[in-house]
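Asker: Contents of my_file-v3.pdb (PDB, N, CA and C atoms) are given next:
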ATOM      1  N   MET A   1       9.667   9.929   7.163
ATOM      2  CA  MET A   1       9.333   8.527   7.176
ATOM      3  C   MET A   1       8.379   8.246   6.020
ATOM      4  N   ARG A   2       8.607   7.130   5.333
ATOM      5  CA  ARG A   2       7.737   6.710   4.235
ATOM      6  C   ARG A   2       6.970   5.454   4.670
ATOM      7  N   ILE A   3       5.645   5.510   4.535
ATOM      8  CA  ILE A   3       4.790   4.389   4.913
ATOM      9  C   ILE A   3       4.114   3.837   3.671
ATOM     10  N   GLY A   4       4.335   2.551   3.399
ATOM     11  CA  GLY A   4       3.658   1.864   2.309
ATOM     12  C   GLY A   4       2.390   1.222   2.838
ATOM     13  N   ILE A   5       1.310   1.365   2.100
ATOM     14  CA  ILE A   5       0.035   0.787   2.531
ATOM     15  C   ILE A   5      -0.454  -0.185   1.468
ATOM     16  N   VAL A   6      -0.326  -1.476   1.775
ATOM     17  CA  VAL A   6      -0.785  -2.539   0.875
ATOM     18  C   VAL A   6      -2.299  -2.653   1.034
ATOM     19  N   GLY A   7      -3.011  -2.635  -0.072
ATOM     20  CA  GLY A   7      -4.474  -2.672  -0.031
ATOM     21  C   GLY A   7      -5.054  -1.278   0.109
ATOM     22  N   ALA A   8      -4.366  -0.298  -0.460
ATOM     23  CA  ALA A   8      -4.748   1.099  -0.307
ATOM     24  C   ALA A   8      -6.084   1.453  -0.956
ATOM     25  N   SER A   9      -6.610   0.609  -1.819
ATOM     26  CA  SER A   9      -7.900   0.910  -2.444
ATOM     27  C   SER A   9      -9.063   0.304  -1.674
ATOM     28  N   GLY A  10      -8.769  -0.507  -0.662
ATOM     29  CA  GLY A  10      -9.823  -1.085   0.164
ATOM     30  C   GLY A  10     -10.299  -0.100   1.223
ATOM     31  N   PHE A  11     -11.310  -0.491   1.970
ATOM     32  CA  PHE A  11     -11.920   0.406   2.949
ATOM     33  C   PHE A  11     -10.914   0.890   3.991
ATOM     34  N   VAL A  12     -10.228  -0.035   4.652
ATOM     35  CA  VAL A  12      -9.290   0.327   5.719
ATOM     36  C   VAL A  12      -8.053   1.006   5.148
ATOM     37  N   GLY A  13      -7.483   0.430   4.085
ATOM     38  CA  GLY A  13      -6.289   1.009   3.479
ATOM     39  C   GLY A  13      -6.524   2.410   2.946
ATOM     40  N   HIS A  14      -7.663   2.615   2.308
ATOM     41  CA  HIS A  14      -8.004   3.923   1.752
ATOM     42  C   HIS A  14      -8.077   4.965   2.859
ATOM     43  N   ARG A  15      -8.713   4.595   3.961
ATOM     44  CA  ARG A  15      -8.833   5.535   5.089
ATOM     45  C   ARG A  15      -7.461   5.832   5.695
ATOM     46  N   ALA A  16      -6.604   4.820   5.785
ATOM     47  CA  ALA A  16      -5.252   5.029   6.312
ATOM     48  C   ALA A  16      -4.474   5.995   5.418
ATOM     49  N   VAL A  17      -4.602   5.839   4.105
ATOM     50  CA  VAL A  17      -3.938   6.756   3.169
ATOM     51  C   VAL A  17      -4.423   8.181   3.424
ATOM     52  N   GLU A  18      -5.737   8.350   3.504
ATOM     53  CA  GLU A  18      -6.305   9.686   3.726
ATOM     54  C   GLU A  18      -5.784  10.310   5.018
ATOM     55  N   MET A  19      -5.847   9.562   6.107
ATOM     56  CA  MET A  19      -5.458  10.095   7.410
ATOM     57  C   MET A  19      -3.982  10.459   7.454
ATOM     58  N   LEU A  20      -3.133   9.586   6.951
ATOM     59  CA  LEU A  20      -1.696   9.849   6.989
ATOM     60  C   LEU A  20      -1.303  10.971   6.035
ATOM     61  N   HIS A  21      -1.975  11.035   4.894
ATOM     62  CA  HIS A  21      -1.677  12.089   3.924
ATOM     63  C   HIS A  21      -2.066  13.467   4.479
ATOM     64  N   VAL A  22      -3.225  13.551   5.090
ATOM     65  CA  VAL A  22      -3.690  14.812   5.657
ATOM     66  C   VAL A  22      -2.811  15.236   6.833
ATOM     67  N   GLU A  23      -2.394  14.250   7.632
ATOM     68  CA  GLU A  23      -1.537  14.548   8.785
ATOM     69  C   GLU A  23      -0.248  15.236   8.341
ATOM     70  N   GLY A  24       0.311  14.777   7.225
ATOM     71  CA  GLY A  24       1.445  15.455   6.619
ATOM     72  C   GLY A  24       2.804  15.198   7.236
ATOM     73  N   ASN A  25       2.887  14.416   8.292
ATOM     74  CA  ASN A  25       4.181  14.145   8.921
ATOM     75  C   ASN A  25       4.939  13.007   8.251
ATOM     76  N   THR A  26       4.272  12.294   7.379
ATOM     77  CA  THR A  26       4.888  11.145   6.722
ATOM     78  C   THR A  26       4.613  11.199   5.225
ATOM     79  N   GLU A  27       5.430  10.471   4.483
ATOM     80  CA  GLU A  27       5.192  10.292   3.053
ATOM     81  C   GLU A  27       4.436   8.977   2.902
ATOM     82  N   VAL A  28       3.327   8.997   2.197
ATOM     83  CA  VAL A  28       2.482   7.813   2.050
ATOM     84  C   VAL A  28       2.653   7.227   0.654
ATOM     85  N   ARG A  29       2.828   5.901   0.588
ATOM     86  CA  ARG A  29       2.914   5.205  -0.693
ATOM     87  C   ARG A  29       1.785   4.170  -0.771
ATOM     88  N   PRO A  30       0.680   4.490  -1.437
ATOM     89  CA  PRO A  30      -0.376   3.507  -1.627
ATOM     90  C   PRO A  30       0.105   2.374  -2.547
ATOM     91  N   ILE A  31      -0.208   1.146  -2.167
ATOM     92  CA  ILE A  31       0.160  -0.024  -2.967
ATOM     93  C   ILE A  31      -1.119  -0.801  -3.239
ATOM     94  N   VAL A  32      -1.429  -0.971  -4.521
ATOM     95  CA  VAL A  32      -2.656  -1.644  -4.945
ATOM     96  C   VAL A  32      -2.322  -2.777  -5.907
ATOM     97  N   HIS A  33      -3.322  -3.585  -6.230
ATOM     98  CA  HIS A  33      -3.064  -4.767  -7.057
ATOM     99  C   HIS A  33      -3.308  -4.576  -8.550
ATOM    100  N   SER A  34      -3.926  -3.458  -8.951
ATOM    101  CA  SER A  34      -4.222  -3.294 -10.379
ATOM    102  C   SER A  34      -4.348  -1.821 -10.746
ATOM    103  N   GLN A  35      -4.297  -1.561 -12.026
ATOM    104  CA  GLN A  35      -4.463  -0.200 -12.536
ATOM    105  C   GLN A  35      -5.850   0.339 -12.186
ATOM    106  N   SER A  36      -6.874  -0.508 -12.286
ATOM    107  CA  SER A  36      -8.230  -0.039 -11.970
ATOM    108  C   SER A  36      -8.351   0.344 -10.492
ATOM    109  N   SER A  37      -7.649  -0.375  -9.606
ATOM    110  CA  SER A  37      -7.647  -0.005  -8.190
ATOM    111  C   SER A  37      -6.918   1.310  -7.975
ATOM    112  N   LEU A  38      -5.870   1.508  -8.740
ATOM    113  CA  LEU A  38      -5.095   2.748  -8.651
ATOM    114  C   LEU A  38      -5.948   3.951  -9.029
ATOM    115  N   GLU A  39      -6.794   3.785 -10.021
ATOM    116  CA  GLU A  39      -7.644   4.876 -10.494
ATOM    117  C   GLU A  39      -8.722   5.270  -9.489
ATOM    118  N   LYS A  40      -9.002   4.413  -8.508
ATOM    119  CA  LYS A  40     -10.000   4.710  -7.477
ATOM    120  C   LYS A  40      -9.449   5.631  -6.388
ATOM    121  N   LEU A  41      -8.132   5.753  -6.331
ATOM    122  CA  LEU A  41      -7.524   6.558  -5.274
ATOM    123  C   LEU A  41      -7.685   8.045  -5.574
ATOM    124  N   PRO A  42      -8.094   8.822  -4.587
ATOM    125  CA  PRO A  42      -8.304  10.250  -4.821
ATOM    126  C   PRO A  42      -6.999  11.052  -4.879
ATOM    127  N   HIS A  43      -5.955  10.535  -4.304
ATOM    128  CA  HIS A  43      -4.686  11.263  -4.235
ATOM    129  C   HIS A  43      -3.746  10.769  -5.332
ATOM    130  N   GLN A  44      -4.020  11.121  -6.552
ATOM    131  CA  GLN A  44      -3.245  10.639  -7.689
ATOM    132  C   GLN A  44      -1.799  11.125  -7.672
ATOM    133  N   LYS A  45      -1.494  12.167  -6.918
ATOM    134  CA  LYS A  45      -0.143  12.707  -6.909
ATOM    135  C   LYS A  45       0.774  11.976  -5.932
ATOM    136  N   LEU A  46       0.256  11.026  -5.184
ATOM    137  CA  LEU A  46       1.093  10.246  -4.282
ATOM    138  C   LEU A  46       1.921   9.248  -5.080
ATOM    139  N   ASP A  47       2.977   8.753  -4.463
ATOM    140  CA  ASP A  47       3.861   7.769  -5.089
ATOM    141  C   ASP A  47       3.202   6.392  -5.029
ATOM    142  N   CYS A  48       2.181   6.183  -5.852
ATOM    143  CA  CYS A  48       1.417   4.932  -5.862
ATOM    144  C   CYS A  48       2.179   3.841  -6.613
ATOM    145  N   ARG A  49       1.999   2.613  -6.162
ATOM    146  CA  ARG A  49       2.626   1.460  -6.806
ATOM    147  C   ARG A  49       1.597   0.360  -7.014
ATOM    148  N   ILE A  50       1.836  -0.434  -8.050
ATOM    149  CA  ILE A  50       1.015  -1.614  -8.308
ATOM    150  C   ILE A  50       1.882  -2.833  -8.012
ATOM    151  N   ALA A  51       1.350  -3.742  -7.199
ATOM    152  CA  ALA A  51       2.091  -4.952  -6.849
ATOM    153  C   ALA A  51       1.115  -6.096  -6.621
ATOM    154  N   ASN A  52       1.482  -7.264  -7.089
ATOM    155  CA  ASN A  52       0.701  -8.469  -6.886
ATOM    156  C   ASN A  52       1.106  -9.075  -5.542
ATOM    157  N   SER A  53       0.147  -9.281  -4.658
ATOM    158  CA  SER A  53       0.437  -9.821  -3.329
ATOM    159  C   SER A  53       0.987 -11.236  -3.364
ATOM    160  N   PHE A  54       0.860 -11.912  -4.496
ATOM    161  CA  PHE A  54       1.381 -13.264  -4.636
ATOM    162  C   PHE A  54       2.761 -13.289  -5.291
ATOM    163  N   ASP A  55       3.296 -12.129  -5.612
ATOM    164  CA  ASP A  55       4.578 -12.036  -6.314
ATOM    165  C   ASP A  55       5.590 -11.283  -5.448
ATOM    166  N   GLN A  56       6.503 -12.020  -4.857
ATOM    167  CA  GLN A  56       7.459 -11.436  -3.926
ATOM    168  C   GLN A  56       8.294 -10.327  -4.560
ATOM    169  N   SER A  57       8.718 -10.499  -5.793
ATOM    170  CA  SER A  57       9.570  -9.471  -6.411
ATOM    171  C   SER A  57       8.808  -8.165  -6.637
ATOM    172  N   SER A  58       7.525  -8.242  -7.011
ATOM    173  CA  SER A  58       6.772  -6.992  -7.202
ATOM    174  C   SER A  58       6.531  -6.305  -5.863
ATOM    175  N   LEU A  59       6.323  -7.084  -4.806
ATOM    176  CA  LEU A  59       6.160  -6.491  -3.480
ATOM    177  C   LEU A  59       7.459  -5.860  -3.000
ATOM    178  N   GLU A  60       8.569  -6.557  -3.190
ATOM    179  CA  GLU A  60       9.857  -6.006  -2.774
ATOM    180  C   GLU A  60      10.131  -4.683  -3.477
ATOM    181  N   SER A  61       9.797  -4.611  -4.743
ATOM    182  CA  SER A  61       9.978  -3.379  -5.501
ATOM    183  C   SER A  61       9.088  -2.267  -4.946
ATOM    184  N   ALA A  62       7.835  -2.590  -4.655
ATOM    185  CA  ALA A  62       6.900  -1.591  -4.123
ATOM    186  C   ALA A  62       7.306  -1.135  -2.726
ATOM    187  N   PHE A  63       7.897  -2.029  -1.937
ATOM    188  CA  PHE A  63       8.296  -1.722  -0.563
ATOM    189  C   PHE A  63       9.607  -0.944  -0.488
ATOM    190  N   GLN A  64      10.378  -0.946  -1.572
ATOM    191  CA  GLN A  64      11.702  -0.327  -1.555
ATOM    192  C   GLN A  64      11.612   1.144  -1.129
ATOM    193  N   GLY A  65      12.400   1.491  -0.142
ATOM    194  CA  GLY A  65      12.428   2.854   0.363
ATOM    195  C   GLY A  65      11.419   3.131   1.461
ATOM    196  N   CYS A  66      10.554   2.169   1.760
ATOM    197  CA  CYS A  66       9.563   2.358   2.825
ATOM    198  C   CYS A  66      10.188   2.003   4.173
ATOM    199  N   ASP A  67       9.856   2.793   5.169
ATOM    200  CA  ASP A  67      10.309   2.524   6.531
ATOM    201  C   ASP A  67       9.340   1.620   7.273
ATOM    202  N   VAL A  68       8.066   1.720   6.903
ATOM    203  CA  VAL A  68       6.993   0.961   7.545
ATOM    204  C   VAL A  68       6.026   0.504   6.467
ATOM    205  N   ILE A  69       5.494  -0.708   6.642
ATOM    206  CA  ILE A  69       4.462  -1.224   5.742
ATOM    207  C   ILE A  69       3.219  -1.519   6.567
ATOM    208  N   ILE A  70       2.081  -1.015   6.109
ATOM    209  CA  ILE A  70       0.792  -1.363   6.703
ATOM    210  C   ILE A  70       0.115  -2.317   5.737
ATOM    211  N   GLN A  71      -0.269  -3.478   6.225
ATOM    212  CA  GLN A  71      -0.908  -4.503   5.403
ATOM    213  C   GLN A  71      -2.396  -4.476   5.700
ATOM    214  N   SER A  72      -3.203  -4.139   4.701
ATOM    215  CA  SER A  72      -4.647  -4.059   4.931
ATOM    216  C   SER A  72      -5.437  -4.812   3.869
ATOM    217  N   ILE A  73      -4.886  -5.937   3.413
ATOM    218  CA  ILE A  73      -5.627  -6.729   2.433
ATOM    219  C   ILE A  73      -6.352  -7.876   3.134
ATOM    220  N   LEU A  74      -7.377  -8.335   2.485
ATOM    221  CA  LEU A  74      -8.107  -9.494   2.957
ATOM    222  C   LEU A  74      -7.467 -10.715   2.328
ATOM    223  N   GLY A  75      -7.177 -11.716   3.124
ATOM    224  CA  GLY A  75      -6.573 -12.911   2.567
ATOM    225  C   GLY A  75      -6.478 -14.019   3.586
ATOM    226  N   SER A  76      -5.990 -15.153   3.127
ATOM    227  CA  SER A  76      -5.828 -16.303   4.001
ATOM    228  C   SER A  76      -4.687 -16.049   4.984
ATOM    229  N   PRO A  77      -4.632 -16.779   6.089
ATOM    230  CA  PRO A  77      -3.518 -16.623   7.030
ATOM    231  C   PRO A  77      -2.154 -16.837   6.355
ATOM    232  N   GLY A  78      -2.071 -17.769   5.411
ATOM    233  CA  GLY A  78      -0.823 -18.016   4.710
ATOM    234  C   GLY A  78      -0.376 -16.808   3.880
ATOM    235  N   LEU A  79      -1.308 -16.167   3.219
ATOM    236  CA  LEU A  79      -0.980 -14.980   2.424
ATOM    237  C   LEU A  79      -0.510 -13.846   3.331
ATOM    238  N   ILE A  80      -1.215 -13.627   4.412
ATOM    239  CA  ILE A  80      -0.854 -12.560   5.348
ATOM    240  C   ILE A  80       0.542 -12.814   5.904
ATOM    241  N   LEU A  81       0.838 -14.043   6.304
ATOM    242  CA  LEU A  81       2.163 -14.362   6.836
ATOM    243  C   LEU A  81       3.242 -14.206   5.799
ATOM    244  N   SER A  82       2.954 -14.536   4.528
ATOM    245  CA  SER A  82       3.965 -14.400   3.494
ATOM    246  C   SER A  82       4.338 -12.935   3.292
ATOM    247  N   LEU A  83       3.400 -12.019   3.458
ATOM    248  CA  LEU A  83       3.702 -10.594   3.350
ATOM    249  C   LEU A  83       4.593 -10.129   4.494
ATOM    250  N   ILE A  84       4.390 -10.683   5.655
ATOM    251  CA  ILE A  84       5.186 -10.287   6.821
ATOM    252  C   ILE A  84       6.644 -10.666   6.637
ATOM    253  N   HIS A  85       6.900 -11.766   5.951
ATOM    254  CA  HIS A  85       8.269 -12.281   5.822
ATOM    255  C   HIS A  85       9.047 -11.680   4.651
ATOM    256  N   ILE A  86       8.453 -10.802   3.898
ATOM    257  CA  ILE A  86       9.181 -10.183   2.768
ATOM    258  C   ILE A  86      10.063  -9.086   3.276
TER     259      ILE A  86
END
Show the structure stored in the file as structure tokens.
Answerer:
Amino acid sequence: MRIGIVGASGFVGHRAVEMLHVEGNTEVRPIVHSQSSLEKLPHQKLDCRIANSFDQSSLESAFQGCDVIIQSILGSPGLILSLIHI
């Protein structure tokens, strides 16, 4: 199973990446919004992706092949709902 984690450089997302990666039963795909956020991740060998939460096509590309998406970004209710519908 492949799990994509949107907001992987934030507090909750980062911890989810760590826990799932250490558990080893799943493949983890951290998804962040910028190159600088990507550089903060300790697990550089993971299949990390950069995607803009306001751009449906970049999210669809980052989500491709994922069985589950964990959304851990801070945002307005409208932004959160738009991610659910992709």
Asker: Measuring atom to atom with only C-alpha atoms, identify which of A:Met19, A:Thr26, A:Gln56, A:Ala8 is nearest to Glu39 (chain A).
Answerer: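 Of A:Met19, A:Thr26, A:Gln56, A:Ala8, the one nearest Glu39 (chain A) is A:Ala8, counting only C-alpha atoms.
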Asker: Enumerate as a ChimeraX atom specification all residues of chain A assigned to helix (DSSP H, G or I) by DSSP on the backbone, naming them with the chain letters and numbers the document uses.
Answerer: /A:11-23,35-39,56-63,77-84
Asker: Could you tell me how far atom C of Glu60 (chain A) lies from CA of Gly24 (chain A), in Å and to one decimal?
Answerer: 24.1 Å
Asker: Any chance you could resolve the PyMOL selection byres ((chain A and resi 71) around 6) against this file and give the residues as a compact mmCIF listing (two decimals) with N, CA and C atoms, in the coordinates of the input?
Answerer:
# COMPACT_ATOMS: atom_id res chain seq x y z
N ILE A 5 1.31 1.36 2.10
CA ILE A 5 0.04 0.79 2.53
C ILE A 5 -0.45 -0.18 1.47
N VAL A 6 -0.33 -1.48 1.78
CA VAL A 6 -0.78 -2.54 0.88
C VAL A 6 -2.30 -2.65 1.03
N ILE A 69 5.49 -0.71 6.64
CA ILE A 69 4.46 -1.22 5.74
C ILE A 69 3.22 -1.52 6.57
N ILE A 70 2.08 -1.01 6.11
CA ILE A 70 0.79 -1.36 6.70
C ILE A 70 0.12 -2.32 5.74
N SER A 72 -3.20 -4.14 4.70
CA SER A 72 -4.65 -4.06 4.93
C SER A 72 -5.44 -4.81 3.87
N ILE A 73 -4.89 -5.94 3.41
CA ILE A 73 -5.63 -6.73 2.43
C ILE A 73 -6.35 -7.88 3.13
Asker: Can you work out the spacing between CA of Gly78 (chain A) and CA of Glu18 (chain A) in Å, to one decimal?
Answerer: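 Answer for the CA of Gly78 (chain A) to CA of Glu18 (chain A) separation: 28.3 Å.
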Asker: Have a look at atom N of Lys45 (chain A) and atom N of Ser61 (chain A) and let me know their distance in Å, one decimal.
Answerer: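 Answer for the atom N of Lys45 (chain A) to atom N of Ser61 (chain A) separation: 20.3 Å.
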Asker: Output the residue selection produced by the PyMOL selection byres (((chain A and resi 4 and name CA) around 12) and name CA) on the file above, formatted as a VMD selection string.
Answerer: chain A and resid 1 to 3 5 to 8 13 to 14 16 to 17 20 to 21 26 to 32 46 to 51 59 to 72
Asker: Those same residues, written as a short mmCIF file (atom, residue, chain, number, x, y, z; two decimals), keeping the file's coordinate frame with N, CA and C atoms?
Answerer:
data_model
loop_
_atom_site.label_atom_id
_atom_site.label_comp_id
_atom_site.auth_asym_id
_atom_site.auth_seq_id
_atom_site.Cartn_x
_atom_site.Cartn_y
_atom_site.Cartn_z
N MET A 1 9.67 9.93 7.16
CA MET A 1 9.33 8.53 7.18
C MET A 1 8.38 8.25 6.02
N ARG A 2 8.61 7.13 5.33
CA ARG A 2 7.74 6.71 4.24
C ARG A 2 6.97 5.45 4.67
N ILE A 3 5.64 5.51 4.54
CA ILE A 3 4.79 4.39 4.91
C ILE A 3 4.11 3.84 3.67
N ILE A 5 1.31 1.36 2.10
CA ILE A 5 0.04 0.79 2.53
C ILE A 5 -0.45 -0.18 1.47
N VAL A 6 -0.33 -1.48 1.78
CA VAL A 6 -0.78 -2.54 0.88
C VAL A 6 -2.30 -2.65 1.03
N GLY A 7 -3.01 -2.64 -0.07
CA GLY A 7 -4.47 -2.67 -0.03
C GLY A 7 -5.05 -1.28 0.11
N ALA A 8 -4.37 -0.30 -0.46
CA ALA A 8 -4.75 1.10 -0.31
C ALA A 8 -6.08 1.45 -0.96
N GLY A 13 -7.48 0.43 4.08
CA GLY A 13 -6.29 1.01 3.48
C GLY A 13 -6.52 2.41 2.95
N HIS A 14 -7.66 2.62 2.31
CA HIS A 14 -8.00 3.92 1.75
C HIS A 14 -8.08 4.96 2.86
N ALA A 16 -6.60 4.82 5.78
CA ALA A 16 -5.25 5.03 6.31
C ALA A 16 -4.47 6.00 5.42
N VAL A 17 -4.60 5.84 4.11
CA VAL A 17 -3.94 6.76 3.17
C VAL A 17 -4.42 8.18 3.42
N LEU A 20 -3.13 9.59 6.95
CA LEU A 20 -1.70 9.85 6.99
C LEU A 20 -1.30 10.97 6.04
N HIS A 21 -1.98 11.04 4.89
CA HIS A 21 -1.68 12.09 3.92
C HIS A 21 -2.07 13.47 4.48
N THR A 26 4.27 12.29 7.38
CA THR A 26 4.89 11.14 6.72
C THR A 26 4.61 11.20 5.22
N GLU A 27 5.43 10.47 4.48
CA GLU A 27 5.19 10.29 3.05
C GLU A 27 4.44 8.98 2.90
N VAL A 28 3.33 9.00 2.20
CA VAL A 28 2.48 7.81 2.05
C VAL A 28 2.65 7.23 0.65
N ARG A 29 2.83 5.90 0.59
CA ARG A 29 2.91 5.20 -0.69
C ARG A 29 1.78 4.17 -0.77
N PRO A 30 0.68 4.49 -1.44
CA PRO A 30 -0.38 3.51 -1.63
C PRO A 30 0.10 2.37 -2.55
N ILE A 31 -0.21 1.15 -2.17
CA ILE A 31 0.16 -0.02 -2.97
C ILE A 31 -1.12 -0.80 -3.24
N VAL A 32 -1.43 -0.97 -4.52
CA VAL A 32 -2.66 -1.64 -4.94
C VAL A 32 -2.32 -2.78 -5.91
N LEU A 46 0.26 11.03 -5.18
CA LEU A 46 1.09 10.25 -4.28
C LEU A 46 1.92 9.25 -5.08
N ASP A 47 2.98 8.75 -4.46
CA ASP A 47 3.86 7.77 -5.09
C ASP A 47 3.20 6.39 -5.03
N CYS A 48 2.18 6.18 -5.85
CA CYS A 48 1.42 4.93 -5.86
C CYS A 48 2.18 3.84 -6.61
N ARG A 49 2.00 2.61 -6.16
CA ARG A 49 2.63 1.46 -6.81
C ARG A 49 1.60 0.36 -7.01
N ILE A 50 1.84 -0.43 -8.05
CA ILE A 50 1.01 -1.61 -8.31
C ILE A 50 1.88 -2.83 -8.01
N ALA A 51 1.35 -3.74 -7.20
CA ALA A 51 2.09 -4.95 -6.85
C ALA A 51 1.12 -6.10 -6.62
N LEU A 59 6.32 -7.08 -4.81
CA LEU A 59 6.16 -6.49 -3.48
C LEU A 59 7.46 -5.86 -3.00
N GLU A 60 8.57 -6.56 -3.19
CA GLU A 60 9.86 -6.01 -2.77
C GLU A 60 10.13 -4.68 -3.48
N SER A 61 9.80 -4.61 -4.74
CA SER A 61 9.98 -3.38 -5.50
C SER A 61 9.09 -2.27 -4.95
N ALA A 62 7.84 -2.59 -4.66
CA ALA A 62 6.90 -1.59 -4.12
C ALA A 62 7.31 -1.14 -2.73
N PHE A 63 7.90 -2.03 -1.94
CA PHE A 63 8.30 -1.72 -0.56
C PHE A 63 9.61 -0.94 -0.49
N GLN A 64 10.38 -0.95 -1.57
CA GLN A 64 11.70 -0.33 -1.56
C GLN A 64 11.61 1.14 -1.13
N GLY A 65 12.40 1.49 -0.14
CA GLY A 65 12.43 2.85 0.36
C GLY A 65 11.42 3.13 1.46
N CYS A 66 10.55 2.17 1.76
CA CYS A 66 9.56 2.36 2.82
C CYS A 66 10.19 2.00 4.17
N ASP A 67 9.86 2.79 5.17
CA ASP A 67 10.31 2.52 6.53
C ASP A 67 9.34 1.62 7.27
N VAL A 68 8.07 1.72 6.90
CA VAL A 68 6.99 0.96 7.54
C VAL A 68 6.03 0.50 6.47
N ILE A 69 5.49 -0.71 6.64
CA ILE A 69 4.46 -1.22 5.74
C ILE A 69 3.22 -1.52 6.57
N ILE A 70 2.08 -1.01 6.11
CA ILE A 70 0.79 -1.36 6.70
C ILE A 70 0.12 -2.32 5.74
N GLN A 71 -0.27 -3.48 6.22
CA GLN A 71 -0.91 -4.50 5.40
C GLN A 71 -2.40 -4.48 5.70
N SER A 72 -3.20 -4.14 4.70
CA SER A 72 -4.65 -4.06 4.93
C SER A 72 -5.44 -4.81 3.87
#
Asker: From the list A:Lys40, A:His33, A:Phe11, A:Val22, which residue is nearest Phe54 (chain A) when using only C-alpha atoms?
Answerer: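 Looking at the shortest contact to Phe54 (chain A), the residue is A:His33.
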Asker: Which of chain A end up as strand (DSSP E) when DSSP is run on this backbone - answer as a list in words?
Answerer: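 Of chain A, the ones in strand (DSSP E) are Arg2, Ile3, Gly4, Ile5, Val6, Glu27, Val28, Arg29, Pro30, Ile31, Val32, Arg49, Ile50, Val68, Ile69, Ile70 and Gln71 of chain A.
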Asker: Selected residues, N, CA and C atoms, written as a PDB file, in the frame of the given file, please.
Answerer:
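What follows is the written file out34.pdb:
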ATOM      1  N   ARG A   2       8.607   7.130   5.333  1.00  0.00           N
ATOM      2  CA  ARG A   2       7.737   6.710   4.235  1.00  0.00           C
ATOM      3  C   ARG A   2       6.970   5.454   4.670  1.00  0.00           C
ATOM      4  N   ILE A   3       5.645   5.510   4.535  1.00  0.00           N
ATOM      5  CA  ILE A   3       4.790   4.389   4.913  1.00  0.00           C
ATOM      6  C   ILE A   3       4.114   3.837   3.671  1.00  0.00           C
ATOM      7  N   GLY A   4       4.335   2.551   3.399  1.00  0.00           N
ATOM      8  CA  GLY A   4       3.658   1.864   2.309  1.00  0.00           C
ATOM      9  C   GLY A   4       2.390   1.222   2.838  1.00  0.00           C
ATOM     10  N   ILE A   5       1.310   1.365   2.100  1.00  0.00           N
ATOM     11  CA  ILE A   5       0.035   0.787   2.531  1.00  0.00           C
ATOM     12  C   ILE A   5      -0.454  -0.185   1.468  1.00  0.00           C
ATOM     13  N   VAL A   6      -0.326  -1.476   1.775  1.00  0.00           N
ATOM     14  CA  VAL A   6      -0.785  -2.539   0.875  1.00  0.00           C
ATOM     15  C   VAL A   6      -2.299  -2.653   1.034  1.00  0.00           C
ATOM     16  N   GLU A  27       5.430  10.471   4.483  1.00  0.00           N
ATOM     17  CA  GLU A  27       5.192  10.292   3.053  1.00  0.00           C
ATOM     18  C   GLU A  27       4.436   8.977   2.902  1.00  0.00           C
ATOM     19  N   VAL A  28       3.327   8.997   2.197  1.00  0.00           N
ATOM     20  CA  VAL A  28       2.482   7.813   2.050  1.00  0.00           C
ATOM     21  C   VAL A  28       2.653   7.227   0.654  1.00  0.00           C
ATOM     22  N   ARG A  29       2.828   5.901   0.588  1.00  0.00           N
ATOM     23  CA  ARG A  29       2.914   5.205  -0.693  1.00  0.00           C
ATOM     24  C   ARG A  29       1.785   4.170  -0.771  1.00  0.00           C
ATOM     25  N   PRO A  30       0.680   4.490  -1.437  1.00  0.00           N
ATOM     26  CA  PRO A  30      -0.376   3.507  -1.627  1.00  0.00           C
ATOM     27  C   PRO A  30       0.105   2.374  -2.547  1.00  0.00           C
ATOM     28  N   ILE A  31      -0.208   1.146  -2.167  1.00  0.00           N
ATOM     29  CA  ILE A  31       0.160  -0.024  -2.967  1.00  0.00           C
ATOM     30  C   ILE A  31      -1.119  -0.801  -3.239  1.00  0.00           C
ATOM     31  N   VAL A  32      -1.429  -0.971  -4.521  1.00  0.00           N
ATOM     32  CA  VAL A  32      -2.656  -1.644  -4.945  1.00  0.00           C
ATOM     33  C   VAL A  32      -2.322  -2.777  -5.907  1.00  0.00           C
ATOM     34  N   ARG A  49       1.999   2.613  -6.162  1.00  0.00           N
ATOM     35  CA  ARG A  49       2.626   1.460  -6.806  1.00  0.00           C
ATOM     36  C   ARG A  49       1.597   0.360  -7.014  1.00  0.00           C
ATOM     37  N   ILE A  50       1.836  -0.434  -8.050  1.00  0.00           N
ATOM     38  CA  ILE A  50       1.015  -1.614  -8.308  1.00  0.00           C
ATOM     39  C   ILE A  50       1.882  -2.833  -8.012  1.00  0.00           C
ATOM     40  N   VAL A  68       8.066   1.720   6.903  1.00  0.00           N
ATOM     41  CA  VAL A  68       6.993   0.961   7.545  1.00  0.00           C
ATOM     42  C   VAL A  68       6.026   0.504   6.467  1.00  0.00           C
ATOM     43  N   ILE A  69       5.494  -0.708   6.642  1.00  0.00           N
ATOM     44  CA  ILE A  69       4.462  -1.224   5.742  1.00  0.00           C
ATOM     45  C   ILE A  69       3.219  -1.519   6.567  1.00  0.00           C
ATOM     46  N   ILE A  70       2.081  -1.015   6.109  1.00  0.00           N
ATOM     47  CA  ILE A  70       0.792  -1.363   6.703  1.00  0.00           C
ATOM     48  C   ILE A  70       0.115  -2.317   5.737  1.00  0.00           C
ATOM     49  N   GLN A  71      -0.269  -3.478   6.225  1.00  0.00           N
ATOM     50  CA  GLN A  71      -0.908  -4.503   5.403  1.00  0.00           C
ATOM     51  C   GLN A  71      -2.396  -4.476   5.700  1.00  0.00           C
TER      52      GLN A  71
END
